[in-house]
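First the structure, in the form of structure tokens, and then the observations on it.
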Amino acid sequence: MSYRNVLLLIADDWSPIAGCYGNNIIKMPSVDALAVRGTLFKHAFCTTPSCAASRANLLTGHYSHTHGQYGHSHSIHNFHTQLNMPSIPKTLQSAGFTTGVVGKLHVQPESVYPWNYEAGGGRNVRGIADNISKFFETIDSDQPFYLHVGYSDPHRDFGNKQTYPGVPEVTYSLDEVIVPDFLPDHPDVRREFAEYYQSVSRLDTGIGMAVQALQDAGRADDTMIIVMSDHGMPFPGGKASSFDTGHHCPLIIARPDAAAVVSDALVNWNNIAPTVFEWCGVEAPEGLPEKSLVPILDEAHPEGFDETFFSHTFHEVTNYYPYRVLRGRKYKYVRNLYPEITTPLPSDLWASPTWQAIRRENLEMGKRRTEKFLHQDAEALFDIENDPMESTNIIDDPEVQDIAEVMRQKVRTFRKETRDPWCLASYHAGEPGMEPGVM
């Protein structure tokens with residue numbers, strides 16, 4: 001049987017900002033070049049906007065409340081994926097593939113995520129590219145492979161305080177950057193965005209180097225390249241929040257000899273694993289909740305991709321704020337399971353100059369009120385066509401009650417079908433339809 005390969009390039013905290021996503025300021029020529037020969041998804045979403053849980057989602061194909069790695073895997077947080085979970089590396093190794101990881105992985109345990117080749121790299125994208133080349137030196141020219149490359153850029157602590165040999169620096173002025181509508185236009189925010197942009201451009205350099213290493217190895221003609229991020233940008237109201245500004249991510253899938261397609265399908269990171277399996281010609285594990293994207297890669301407006309689910313529980317172990325979401329084209333339904341909790345910020349976001357300026361000067365978070373960000377409602381319905389910043393909860397408006405009820409019931413069904421342990425908590429709180437025994 002003839003197998004095909006995958007090179008997956010995943011960034012850390014990159015929102016869909018690039019020329020191909022409509023940002024004409026930031027310089028990302030490598031990403032833009034891939035978009036010209038691949039499928040660019042306009043509506044791709046991580047399922048949980050937290051590094052480790054999101055990576056476990058894409059590698060297992062299951063939601064975090066199912067695979068059990070509810071939050072960060074490192075240090076005191078110590079969340080693990082359940083031992084019985086399938087994964088891309090485990091399934092492909094069993095089919096005879098060589099699996100490799102270069103750079104950031106951020107999941108455990110090793111028994112669920114086995115790799116034939118492992119190497120680091122940090123923010124040194126030249127070093128990452130060198131390790132990618134070394135991976136290809138370890139395998140035969142016809143050996144099928146899955147290579148997973150995790151970049152540390154553009155995670156906060158942006159890594160711009162040092163230079164990296166062979167890596168050009170691309171800098172931005174405070175006047176150039178575009179402050180998104182969910183943040184105040186403040187000098188401290190602009191300063192951080194200038195740093196963020198620089199880190200994003202270094203990521204782009206690394207992506208270009210990775211593609212070149214694939215070509216130099218002579219494997220470009222039989223390899224799918226997936227470019228994505230674990231979640232959105234590391235700013236308050238982005239990463240680790242239920243808003244689209246935390247979940248909306250870049251996704252480009254390039255294939256040999258493919259034409260450029262801009263897809264409006266609503267997809268999430270649980271579509272990645274079945275996509276990898278189908279492309280590689282390997283049977284997917286049973287029970288994956290989402291479907292492969294391979295059949296729709298040449299379609300701009302595919303049928304059956306008009307809504308998608310999110311599920312989040314933890315970021316750090318102290319950042320407990322579980323929610324479940326159904327995101328459609330016009331409306332978005334959010335169920336916050338413990339609305340009495342003040343919305344927790346990841347420690348790096350809390351300490352950021354952006355958040356400290358908001359606290360110090362009592363600033364509103366752009367088009368969202370800071371108070372409504374910190375203290376959210378148990379249920380929310382947003383008209384995201386007319387209110388993309390999700391600033392006004394219309395859940396109680398009489399004219400949308402039928403829509404709210406349909407989406408509410410879909411979320412309940414989704415939770416039961418995916419064996420959400422928090423169904424019991426909802427039952428204890430008196431939510432109908434969440435009785436024990438129906439999971």
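In the structure tokens, chains take the letters A, B, ... in the order shown, each chain's residues start at 1, and ligands count up from 1 in the order shown.
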
- For Leu266 in chain A, work out the shell of residues within 6 Å, counting only C-alpha atoms and skipping chain neighbours fewer than 2 positions away, then give it as a list in words. His43, Ala44, Phe305, Asp306 and Glu307 of chain A

Could you pull the residues within 7 Å of Pro109 in chain A, counting only C-alpha atoms, minus those fewer than 2 positions along the same chain, as a compact mmCIF listing (two decimals) with N, CA and C atoms, in the first residue's frame?
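In the end it all went to selection_6.txt:
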# COMPACT_ATOMS: atom_id res chain seq x y z
N HIS A 80 -2.85 14.79 32.81
CA HIS A 80 -2.45 13.71 31.91
C HIS A 80 -3.62 13.31 31.01
N THR A 81 -3.30 12.94 29.79
CA THR A 81 -4.28 12.30 28.93
C THR A 81 -4.56 10.89 29.45
N VAL A 107 2.33 17.65 26.11
CA VAL A 107 1.31 16.67 26.48
C VAL A 107 2.00 15.49 27.16
N SER A 111 3.26 7.03 27.06
CA SER A 111 2.62 5.83 26.52
C SER A 111 1.50 6.17 25.54
N VAL A 112 0.88 7.34 25.69
CA VAL A 112 -0.16 7.77 24.76
C VAL A 112 0.46 8.48 23.56
N TYR A 113 1.62 9.14 23.80
CA TYR A 113 2.26 9.94 22.76
C TYR A 113 3.68 9.43 22.52

Contact check, range 302-353 of chain A to range 377-380 of chain A, at most 8 Å, counting only C-alpha atoms, closest pairs as CSV:
residue,atom,partner,partner_atom,distance
A:Lys332,CA,A:Ala380,CA,8.0
A:Tyr333,CA,A:Ala380,CA,5.8
A:Val334,CA,A:Ala380,CA,5.0
A:Arg335,CA,A:Glu379,CA,4.8
A:Asn336,CA,A:Ala378,CA,4.8
A:Leu337,CA,A:Ala378,CA,6.5
A:Tyr338,CA,A:Ala378,CA,7.0
A:Pro339,CA,A:Ala378,CA,5.1

- Task: Could you give me the residues within range 298-392 of chain A that DSSP places in alpha helix (DSSP H), as a ChimeraX atom specification?
- Result: /A:347-350,353-361,370-374

For the interface of range 184-253 of chain A with range 1-10 of chain A (cut-off 10 Å, counting only C-alpha atoms), please tabulate each contacting residue of range 184-253 of chain A alongside its nearest pair of atoms and their separation in Å to one decimal, rows sorted by chain and increasing number, as a tab-separated table.
residue	atom	partner	partner_atom	distance
A:Leu203	CA	A:Ile10	CA	9.7
A:Gly206	CA	A:Leu9	CA	9.5
A:Ile207	CA	A:Leu9	CA	7.2
A:Ala210	CA	A:Leu9	CA	8.3
A:Val211	CA	A:Leu7	CA	8.7
A:Leu214	CA	A:Leu7	CA	8.4
A:Arg219	CA	A:Asn5	CA	8.5
A:Ala220	CA	A:Asn5	CA	9.2
A:Asp221	CA	A:Arg4	CA	9.4
A:Asp222	CA	A:Arg4	CA	5.6
A:Thr223	CA	A:Asn5	CA	4.6
A:Met224	CA	A:Val6	CA	4.8
A:Ile225	CA	A:Leu7	CA	4.9
A:Ile226	CA	A:Leu8	CA	4.7
A:Val227	CA	A:Leu9	CA	4.9
A:Met228	CA	A:Ile10	CA	4.9
A:Ser229	CA	A:Ile10	CA	4.9
A:Asp230	CA	A:Ile10	CA	6.6
A:His231	CA	A:Ile10	CA	9.8
A:Pro250	CA	A:Ile10	CA	9.9
A:Leu251	CA	A:Ile10	CA	9.5
A:Ile252	CA	A:Leu9	CA	10.0
A:Ile253	CA	A:Leu8	CA	9.2

Please write the residues from the selection above to a file, keeping N, CA, C and O atoms, as a PDB file, in the first residue's frame.
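Result written to part.pdb:
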ATOM      1  N   LEU A 203       8.219  33.398  13.849  1.00  0.00           N
ATOM      2  CA  LEU A 203       7.516  32.146  13.572  1.00  0.00           C
ATOM      3  C   LEU A 203       7.439  31.899  12.073  1.00  0.00           C
ATOM      4  O   LEU A 203       7.701  30.782  11.607  1.00  0.00           O
ATOM      5  N   GLY A 206      10.557  30.607  10.702  1.00  0.00           N
ATOM      6  CA  GLY A 206      10.712  29.192  11.031  1.00  0.00           C
ATOM      7  C   GLY A 206       9.876  28.296  10.150  1.00  0.00           C
ATOM      8  O   GLY A 206      10.324  27.209   9.735  1.00  0.00           O
ATOM      9  N   ILE A 207       8.652  28.721   9.829  1.00  0.00           N
ATOM     10  CA  ILE A 207       7.802  27.925   8.948  1.00  0.00           C
ATOM     11  C   ILE A 207       8.443  27.807   7.567  1.00  0.00           C
ATOM     12  O   ILE A 207       8.453  26.730   6.953  1.00  0.00           O
ATOM     13  N   ALA A 210      11.197  25.293   7.765  1.00  0.00           N
ATOM     14  CA  ALA A 210      10.694  23.915   7.860  1.00  0.00           C
ATOM     15  C   ALA A 210      10.267  23.398   6.489  1.00  0.00           C
ATOM     16  O   ALA A 210      10.562  22.249   6.121  1.00  0.00           O
ATOM     17  N   VAL A 211       9.571  24.231   5.719  1.00  0.00           N
ATOM     18  CA  VAL A 211       9.153  23.830   4.376  1.00  0.00           C
ATOM     19  C   VAL A 211      10.371  23.583   3.488  1.00  0.00           C
ATOM     20  O   VAL A 211      10.404  22.622   2.704  1.00  0.00           O
ATOM     21  N   LEU A 214      11.861  20.230   4.300  1.00  0.00           N
ATOM     22  CA  LEU A 214      11.063  19.168   3.677  1.00  0.00           C
ATOM     23  C   LEU A 214      11.426  19.028   2.201  1.00  0.00           C
ATOM     24  O   LEU A 214      11.604  17.908   1.700  1.00  0.00           O
ATOM     25  N   ARG A 219      10.921  15.199   0.093  1.00  0.00           N
ATOM     26  CA  ARG A 219       9.658  14.593   0.531  1.00  0.00           C
ATOM     27  C   ARG A 219       8.455  15.503   0.310  1.00  0.00           C
ATOM     28  O   ARG A 219       7.354  15.190   0.779  1.00  0.00           O
ATOM     29  N   ALA A 220       8.620  16.617  -0.360  1.00  0.00           N
ATOM     30  CA  ALA A 220       7.515  17.563  -0.519  1.00  0.00           C
ATOM     31  C   ALA A 220       6.403  17.021  -1.409  1.00  0.00           C
ATOM     32  O   ALA A 220       5.239  17.404  -1.253  1.00  0.00           O
ATOM     33  N   ASP A 221       6.727  16.134  -2.341  1.00  0.00           N
ATOM     34  CA  ASP A 221       5.735  15.682  -3.311  1.00  0.00           C
ATOM     35  C   ASP A 221       4.742  14.669  -2.764  1.00  0.00           C
ATOM     36  O   ASP A 221       3.770  14.329  -3.451  1.00  0.00           O
ATOM     37  N   ASP A 222       4.990  14.157  -1.543  1.00  0.00           N
ATOM     38  CA  ASP A 222       4.050  13.188  -0.976  1.00  0.00           C
ATOM     39  C   ASP A 222       3.630  13.573   0.450  1.00  0.00           C
ATOM     40  O   ASP A 222       3.225  12.713   1.228  1.00  0.00           O
ATOM     41  N   THR A 223       3.712  14.873   0.762  1.00  0.00           N
ATOM     42  CA  THR A 223       3.480  15.310   2.136  1.00  0.00           C
ATOM     43  C   THR A 223       2.454  16.429   2.216  1.00  0.00           C
ATOM     44  O   THR A 223       2.537  17.417   1.478  1.00  0.00           O
ATOM     45  N   MET A 224       1.486  16.265   3.105  1.00  0.00           N
ATOM     46  CA  MET A 224       0.558  17.324   3.471  1.00  0.00           C
ATOM     47  C   MET A 224       1.219  18.203   4.526  1.00  0.00           C
ATOM     48  O   MET A 224       1.808  17.692   5.486  1.00  0.00           O
ATOM     49  N   ILE A 225       1.109  19.514   4.373  1.00  0.00           N
ATOM     50  CA  ILE A 225       1.618  20.455   5.364  1.00  0.00           C
ATOM     51  C   ILE A 225       0.429  21.116   6.042  1.00  0.00           C
ATOM     52  O   ILE A 225      -0.431  21.708   5.377  1.00  0.00           O
ATOM     53  N   ILE A 226       0.363  21.004   7.363  1.00  0.00           N
ATOM     54  CA  ILE A 226      -0.691  21.645   8.149  1.00  0.00           C
ATOM     55  C   ILE A 226      -0.049  22.751   8.974  1.00  0.00           C
ATOM     56  O   ILE A 226       0.882  22.504   9.748  1.00  0.00           O
ATOM     57  N   VAL A 227      -0.532  23.975   8.817  1.00  0.00           N
ATOM     58  CA  VAL A 227      -0.055  25.122   9.593  1.00  0.00           C
ATOM     59  C   VAL A 227      -1.201  25.594  10.469  1.00  0.00           C
ATOM     60  O   VAL A 227      -2.309  25.865   9.970  1.00  0.00           O
ATOM     61  N   MET A 228      -0.940  25.713  11.777  1.00  0.00           N
ATOM     62  CA  MET A 228      -2.015  26.020  12.710  1.00  0.00           C
ATOM     63  C   MET A 228      -1.441  26.618  13.991  1.00  0.00           C
ATOM     64  O   MET A 228      -0.231  26.800  14.113  1.00  0.00           O
ATOM     65  N   SER A 229      -2.299  26.910  14.936  1.00  0.00           N
ATOM     66  CA  SER A 229      -1.896  27.396  16.252  1.00  0.00           C
ATOM     67  C   SER A 229      -2.658  26.630  17.314  1.00  0.00           C
ATOM     68  O   SER A 229      -3.733  26.083  17.041  1.00  0.00           O
ATOM     69  N   ASP A 230      -2.104  26.585  18.518  1.00  0.00           N
ATOM     70  CA  ASP A 230      -2.838  25.893  19.585  1.00  0.00           C
ATOM     71  C   ASP A 230      -4.063  26.683  20.026  1.00  0.00           C
ATOM     72  O   ASP A 230      -5.087  26.120  20.372  1.00  0.00           O
ATOM     73  N   HIS A 231      -3.990  28.016  19.980  1.00  0.00           N
ATOM     74  CA  HIS A 231      -5.126  28.887  20.319  1.00  0.00           C
ATOM     75  C   HIS A 231      -4.763  30.315  19.977  1.00  0.00           C
ATOM     76  O   HIS A 231      -3.717  30.574  19.362  1.00  0.00           O
ATOM     77  N   PRO A 250      -5.614  30.422  12.956  1.00  0.00           N
ATOM     78  CA  PRO A 250      -5.262  30.139  11.567  1.00  0.00           C
ATOM     79  C   PRO A 250      -5.223  28.639  11.311  1.00  0.00           C
ATOM     80  O   PRO A 250      -4.859  27.856  12.195  1.00  0.00           O
ATOM     81  N   LEU A 251      -5.614  28.250  10.129  1.00  0.00           N
ATOM     82  CA  LEU A 251      -5.457  26.867   9.677  1.00  0.00           C
ATOM     83  C   LEU A 251      -5.277  26.877   8.170  1.00  0.00           C
ATOM     84  O   LEU A 251      -6.157  27.347   7.427  1.00  0.00           O
ATOM     85  N   ILE A 252      -4.133  26.408   7.719  1.00  0.00           N
ATOM     86  CA  ILE A 252      -3.841  26.256   6.299  1.00  0.00           C
ATOM     87  C   ILE A 252      -3.383  24.823   6.070  1.00  0.00           C
ATOM     88  O   ILE A 252      -2.501  24.331   6.788  1.00  0.00           O
ATOM     89  N   ILE A 253      -3.989  24.148   5.116  1.00  0.00           N
ATOM     90  CA  ILE A 253      -3.610  22.782   4.761  1.00  0.00           C
ATOM     91  C   ILE A 253      -3.177  22.778   3.304  1.00  0.00           C
ATOM     92  O   ILE A 253      -3.990  22.998   2.403  1.00  0.00           O
TER      93      ILE A 253
END

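Take the candidates A:Tyr323, A:Phe382, A:Trp355, A:Tyr70 and check each one against Cys51 in chain A using only C-alpha atoms; the shortest distance goes to A:Tyr70.
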
- Message: With DSSP run on the backbone, what are the strand (DSSP E) residues within range 86-313 of chain A? I'd like them as a ChimeraX atom specification.
- Response: /A:98-103,117-119,145-150,223-229,248-249,251-254,261-268,308-313

Those residues you just picked out, can you put them in a file as an mmCIF file, in the first residue's frame with C-alpha atoms?
data_model
loop_
_atom_site.group_PDB
_atom_site.id
_atom_site.type_symbol
_atom_site.label_atom_id
_atom_site.label_comp_id
_atom_site.auth_asym_id
_atom_site.auth_seq_id
_atom_site.Cartn_x
_atom_site.Cartn_y
_atom_site.Cartn_z
ATOM 1 C CA THR A 98 8.003 6.899 11.751
ATOM 2 C CA THR A 99 6.800 9.629 14.095
ATOM 3 C CA GLY A 100 8.840 12.619 15.159
ATOM 4 C CA VAL A 101 8.397 15.701 17.319
ATOM 5 C CA VAL A 102 10.619 18.768 17.170
ATOM 6 C CA GLY A 103 10.198 21.676 19.581
ATOM 7 C CA TYR A 117 12.461 10.898 17.107
ATOM 8 C CA GLU A 118 12.453 13.805 19.579
ATOM 9 C CA ALA A 119 14.408 17.062 19.482
ATOM 10 C CA PHE A 145 6.229 9.702 8.474
ATOM 11 C CA TYR A 146 4.336 12.096 10.682
ATOM 12 C CA LEU A 147 6.495 15.008 11.864
ATOM 13 C CA HIS A 148 5.054 17.308 14.527
ATOM 14 C CA VAL A 149 6.851 20.660 14.913
ATOM 15 C CA GLY A 150 5.916 22.880 17.864
ATOM 16 C CA THR A 223 3.480 15.310 2.136
ATOM 17 C CA MET A 224 0.558 17.324 3.471
ATOM 18 C CA ILE A 225 1.618 20.455 5.364
ATOM 19 C CA ILE A 226 -0.691 21.645 8.149
ATOM 20 C CA VAL A 227 -0.055 25.122 9.593
ATOM 21 C CA MET A 228 -2.015 26.020 12.710
ATOM 22 C CA SER A 229 -1.896 27.396 16.252
ATOM 23 C CA HIS A 248 -10.360 31.650 16.381
ATOM 24 C CA CYS A 249 -7.121 30.371 14.866
ATOM 25 C CA LEU A 251 -5.457 26.867 9.677
ATOM 26 C CA ILE A 252 -3.841 26.256 6.299
ATOM 27 C CA ILE A 253 -3.610 22.782 4.761
ATOM 28 C CA ALA A 254 -1.307 22.564 1.746
ATOM 29 C CA VAL A 261 -8.975 27.525 -1.796
ATOM 30 C CA VAL A 262 -10.488 29.822 0.822
ATOM 31 C CA SER A 263 -12.935 27.715 2.827
ATOM 32 C CA ASP A 264 -15.794 29.047 4.940
ATOM 33 C CA ALA A 265 -16.316 25.706 6.722
ATOM 34 C CA LEU A 266 -16.597 25.928 10.505
ATOM 35 C CA VAL A 267 -14.027 23.431 11.782
ATOM 36 C CA ASN A 268 -12.197 22.730 15.020
ATOM 37 C CA THR A 308 -18.774 23.665 15.818
ATOM 38 C CA PHE A 309 -18.346 22.999 19.539
ATOM 39 C CA PHE A 310 -15.867 24.278 22.136
ATOM 40 C CA SER A 311 -15.124 22.752 25.532
ATOM 41 C CA HIS A 312 -12.777 24.231 28.131
ATOM 42 C CA THR A 313 -12.166 23.454 31.790
#

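Between Asp12 in chain A and the candidates A:His77, A:Phe136, A:Arg156, A:Met85, the tightest atom-to-atom separation, counting only C-alpha atoms, involves A:Arg156.
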
- Message: List as number ranges by chain the protein and nucleic acid residues near Asp383 in chain A, meaning an atom at most 9 Å away when only C-alpha atoms are counted, but skip any in the same chain fewer than 3 places from it.
- Response: A: 330-332, 386-388, 390, 392-394

Those residues with N, CA and C atoms, as a tab-separated table (two decimals), in the first residue's frame please?
chain	number	residue	atom	x	y	z
A	330	LYS	N	-24.22	32.61	12.60
A	330	LYS	CA	-24.77	33.89	13.07
A	330	LYS	C	-24.80	33.99	14.59
A	331	TYR	N	-25.09	32.87	15.25
A	331	TYR	CA	-25.23	32.92	16.71
A	331	TYR	C	-24.22	32.01	17.39
A	332	LYS	N	-23.88	32.39	18.60
A	332	LYS	CA	-22.98	31.61	19.44
A	332	LYS	C	-23.59	31.47	20.83
A	386	ASN	N	-23.40	40.62	13.94
A	386	ASN	CA	-23.53	42.05	14.23
A	386	ASN	C	-22.74	42.48	15.46
A	387	ASP	N	-22.28	41.51	16.24
A	387	ASP	CA	-21.56	41.80	17.48
A	387	ASP	C	-20.37	40.84	17.60
A	388	PRO	N	-19.38	40.95	16.70
A	388	PRO	CA	-18.28	39.98	16.69
A	388	PRO	C	-17.43	39.99	17.95
A	390	GLU	N	-18.71	40.02	20.88
A	390	GLU	CA	-19.51	39.35	21.91
A	390	GLU	C	-19.67	40.24	23.14
A	392	THR	N	-22.64	41.98	23.86
A	392	THR	CA	-24.01	42.08	24.34
A	392	THR	C	-24.67	40.72	24.36
A	393	ASN	N	-25.04	40.25	25.54
A	393	ASN	CA	-25.71	38.97	25.71
A	393	ASN	C	-27.20	39.15	25.43
A	394	ILE	N	-27.72	38.44	24.42
A	394	ILE	CA	-29.13	38.58	24.03
A	394	ILE	C	-29.94	37.36	24.42

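Comparing A:Met233, A:Leu349, A:Cys46, A:Ala404 by their smallest distance to Asn271 in chain A, the closest is A:Cys46 (using only C-alpha atoms).
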
- Task: Take CA of Thr342 in chain A and CA of Gly430 in chain A and report the distance between them in Å, one decimal.
- Result: 21.6 Å

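Here CA of Glu192 in chain A and CA of Ser347 in chain A stand 16.1 Å from one another.
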
- Message: Please list as a PyMOL selection string every residue within 10 Å of range 163-177 of chain A, counting only C-alpha atoms and excluding residues in the same chain fewer than 2 positions away.
- Response: chain A and resi 23+25-27+123-127+159-161+179-180+187-202+205-206+209
